[in-house]
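Let me begin by presenting the structure, written as structure tokens, before commenting on it.
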Amino acid sequence: MHFLRLPVLFALVGFAVFAPAQTVDGKPAVKAGVLGKVTEIVTNYAFVPKVDFKKWPDFLAAEKPKLEAAKTDDEFTSAVNGALSKFGLSHIVLQSPRNVTMRRTATSTGIGVSTYPHKDGLLVMRVVDGAPADKVGLIAGDIIIEVNGKKPEGITGIPGEAGTSVALKVRRVTGEEVEYNIVRKPFSTRRPEVLETVSEDTKRLSVYTFDLQYDANRVDELMAKAMDSKNLILDLRDNGGGAVVNLQHLLGYFLPADEPIGTFIGKQTINKYVAETGLDGTDLVAIAKWQKRKLMPLAPEKGKVFKGNVIVLVNGGSGSASEMCAAALRERLGAKVVGRPSAGAVLVSVIMPVGEGFSLQYPLSDYITIQGVRLEGNGVKPDVLVEDAPPRLPGQPDLTLLKAVELTKNG
């Protein structure tokens, strides 16, 4: 199975929910072993049209001081990713053992808050249900003004080992200042899909991921409840992507199973195109038109397709499979896309272990939509741009959603 997803760290920016960093200090053999496997994969197997992965040794050499100085898994991962980022691509990232485990189990350790920088400290944007912060009463809108007696410097001091504690001083929305001593514990990071009634004839389906936590059975149940609605708003904001098969599953509720939505272009496809046409293989749109094999939706189990109007919400956190979904619904269904430009991170990639619990995500092919749009580096540009940037707290107007509802009223 090919995975289409943003790096794990991208999807979790701002979450002080991590387990403690492990140490690679004094373990040069561990660093060398992981780097050797990464180098083998990047130089021999990674592929994106027009990208020279043979430059990897030079990129790696430029990060040598940081690599040698790295004492923790996080520092080592950051140094390697600094080198990988020089390719200027999505879907090429080293994942630390902690993030590998977090992705697989949908659990993390910490207090469970999403924060945003604030002049007085950290603004709490979201509290994970059931996490330690939730259980002591932290809510979105609180401002963390002290961490262990000091003004916050990023999230330093908030992550930590299970069973340890962190002292927070918090200013509530009322202006009251409260002190908490929160014990860090494991908690679930799963966010189930949600169907909400927006108005009498409009529902909103929020899908937060297409990755391992995507629940096809739950989506089946929710779509069954949405079938009779005149309008459906599909909210893909902050959906970083996931597995192609999950994207196909969701699209099956909106498009016929024989409706092509795009084309994957890998090394073999380009080589075959060059051999059969005699052309140079640099025109990806031409190759996509020539390639007969297309990506299709999967027919829903009960054979029902939504017949109402569809509007798709995206933002800068919408990446990979969610961008493919938005583009397909616009190109094939005429759905309006509302919000902010998506991430522009759409390459087909796989995730492979590289030793000591680390994994490398690397690209194998590019993707062109059925109307000839390369989404990598370009993203999905909304039909209706809404300047609804963070921070927006619960209870404040959701301008993007309001604009989508307005579109349903205007036909």
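By convention in this document, the chains of the structure tokens carry letters A, B, ... by their order, each chain's residues are numbered from 1, and ligands are numbered from 1 in the order they are shown.
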Spatial neighbours of range 63-80 of chain A, max dist 12 Å, only C-alpha atoms, sep filter under 2 positions, as a PyMOL selection string: chain A and resi 9+18-32+34-36+38-39+56-61+82-86+92-99+356-360
Using only C-alpha atoms, which protein or nucleic acid residues come within 7 Å of Asn309 in chain A? Drop anything in the same chain fewer than 5 positions from it, and give the result as a short mmCIF file (atom, residue, chain, number, x, y, z; two decimals) with C-alpha atoms, in the first residue's frame.
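The resulting file, out.cif, is shown below:
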```cif
data_model
loop_
_atom_site.label_atom_id
_atom_site.label_comp_id
_atom_site.auth_asym_id
_atom_site.auth_seq_id
_atom_site.Cartn_x
_atom_site.Cartn_y
_atom_site.Cartn_z
CA LYS A 230 -29.44 18.86 0.27
CA ASN A 231 -25.91 20.08 1.03
CA LEU A 232 -22.84 18.44 2.56
#
```
All residues 8 Å or closer to Arg237 in chain A, only C-alpha atoms, same chain fewer than 4 positions away omitted, as a list in words: Tyr208, Leu313, Val314, Asn315, Gly316, Gly317 and Ser318 of chain A
File dump, residues just selected, N, CA and C atoms, as a CSV table (one decimal), in the first residue's frame:
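See part_14.csv below for the written result:
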```
chain,number,residue,atom,x,y,z
A,208,TYR,N,-10.6,14.1,9.9
A,208,TYR,CA,-9.4,14.7,10.4
A,208,TYR,C,-8.1,14.0,9.9
A,313,LEU,N,-13.9,22.2,2.6
A,313,LEU,CA,-13.1,23.2,3.3
A,313,LEU,C,-11.7,22.7,3.4
A,314,VAL,N,-10.7,23.6,3.1
A,314,VAL,CA,-9.3,23.3,3.2
A,314,VAL,C,-8.6,24.5,3.9
A,315,ASN,N,-7.3,24.2,4.4
A,315,ASN,CA,-6.4,25.2,4.8
A,315,ASN,C,-5.0,24.8,4.6
A,316,GLY,N,-4.1,25.5,5.2
A,316,GLY,CA,-2.7,25.1,5.0
A,316,GLY,C,-2.3,23.8,5.7
A,317,GLY,N,-3.1,23.3,6.6
A,317,GLY,CA,-2.8,22.0,7.2
A,317,GLY,C,-3.5,20.9,6.4
A,318,SER,N,-4.1,21.2,5.3
A,318,SER,CA,-4.7,20.1,4.5
A,318,SER,C,-3.7,19.6,3.5
```
Atom pair CA of Glu193 in chain A / CA of Ser229 in chain A: separation (Å):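 Distance reported for this atom pair: 17.6 Å.
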Secondary structure check, helix (DSSP H, G or I) residues of range 145-292 of chain A, as a PyMOL selection string: chain A and resi 216-226+244-251+267-277+284-290
Restricting it to C-alpha atoms, dump the selection as a CSV table (one decimal), in the first residue's frame.
```
chain,number,residue,atom,x,y,z
A,216,ALA,CA,-14.2,3.4,7.3
A,217,ASN,CA,-17.0,1.8,9.2
A,218,ARG,CA,-17.7,5.1,11.0
A,219,VAL,CA,-17.6,7.0,7.8
A,220,ASP,CA,-20.1,4.5,6.3
A,221,GLU,CA,-22.5,5.2,9.2
A,222,LEU,CA,-22.1,8.9,9.0
A,223,MET,CA,-22.6,9.0,5.3
A,224,ALA,CA,-25.8,7.0,5.6
A,225,LYS,CA,-27.1,9.7,7.9
A,226,ALA,CA,-26.0,12.4,5.5
A,244,VAL,CA,-4.8,6.1,-0.8
A,245,VAL,CA,-7.3,3.4,-0.1
A,246,ASN,CA,-9.0,5.6,2.5
A,247,LEU,CA,-9.2,8.5,0.1
A,248,GLN,CA,-10.8,6.1,-2.4
A,249,HIS,CA,-13.3,4.9,0.2
A,250,LEU,CA,-14.5,8.4,0.9
A,251,LEU,CA,-14.6,9.5,-2.7
A,267,LYS,CA,10.1,6.0,-12.8
A,268,GLN,CA,8.8,2.9,-14.7
A,269,THR,CA,5.9,5.0,-16.1
A,270,ILE,CA,8.3,7.6,-17.4
A,271,ASN,CA,10.8,5.1,-18.8
A,272,LYS,CA,7.9,3.3,-20.6
A,273,TYR,CA,6.6,6.6,-22.0
A,274,VAL,CA,10.0,7.5,-23.3
A,275,ALA,CA,10.5,4.1,-24.9
A,276,GLU,CA,7.1,4.0,-26.6
A,277,THR,CA,6.8,7.7,-27.7
A,284,LEU,CA,4.2,15.2,-16.7
A,285,VAL,CA,0.8,16.3,-17.9
A,286,ALA,CA,1.5,14.7,-21.3
A,287,ILE,CA,2.6,11.5,-19.5
A,288,ALA,CA,-0.5,11.5,-17.3
A,289,LYS,CA,-2.7,11.7,-20.4
A,290,TRP,CA,-0.8,8.9,-22.1
```
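Atom pair CA of Lys37 in chain A / CA of Ile351 in chain A has a distance of 12.8 Å (rounded to one decimal).
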DSSP strand (DSSP E or B) selection over range 65-302 of chain A, as number ranges by chain: A: 72, 93-95, 107-110, 113-118, 121-127, 143-147, 150, 165-171, 177-183, 185-188, 194-199, 202-206, 210, 231-235, 241-243, 262-266, 295
Surrounding residues of Ser90 in chain A excluding itself and chain neighbours under 2 positions, 12 Å, only C-alpha atoms, as number ranges by chain: A: 4-8, 10, 48, 81, 84-88, 92-94, 240-241, 319-320, 343-349, 361-366, 375-379
CA of Leu168 in chain A to CA of Thr109 in chain A, straight-line distance in Å: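 Separation of CA of Thr109 in chain A and CA of Leu168 in chain A: 17.0 Å.
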Long-range neighbours of Ala327 in chain A as a ChimeraX atom specification, 12 Å cut-off, only C-alpha atoms, 5 positions minimum in chain: /A:236,247,251,261-262,311-314,318-322,332-338,341-342,344,346,367-375,378-383
Nearest-residue call for Tyr116 in chain A, choices A:Leu401, A:Ile144, A:Ala131, A:Leu138, using only C-alpha atoms: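 Checking each of A:Leu401, A:Ile144, A:Ala131, A:Leu138 against Tyr116 in chain A, counting only C-alpha atoms, the winner is A:Ile144.
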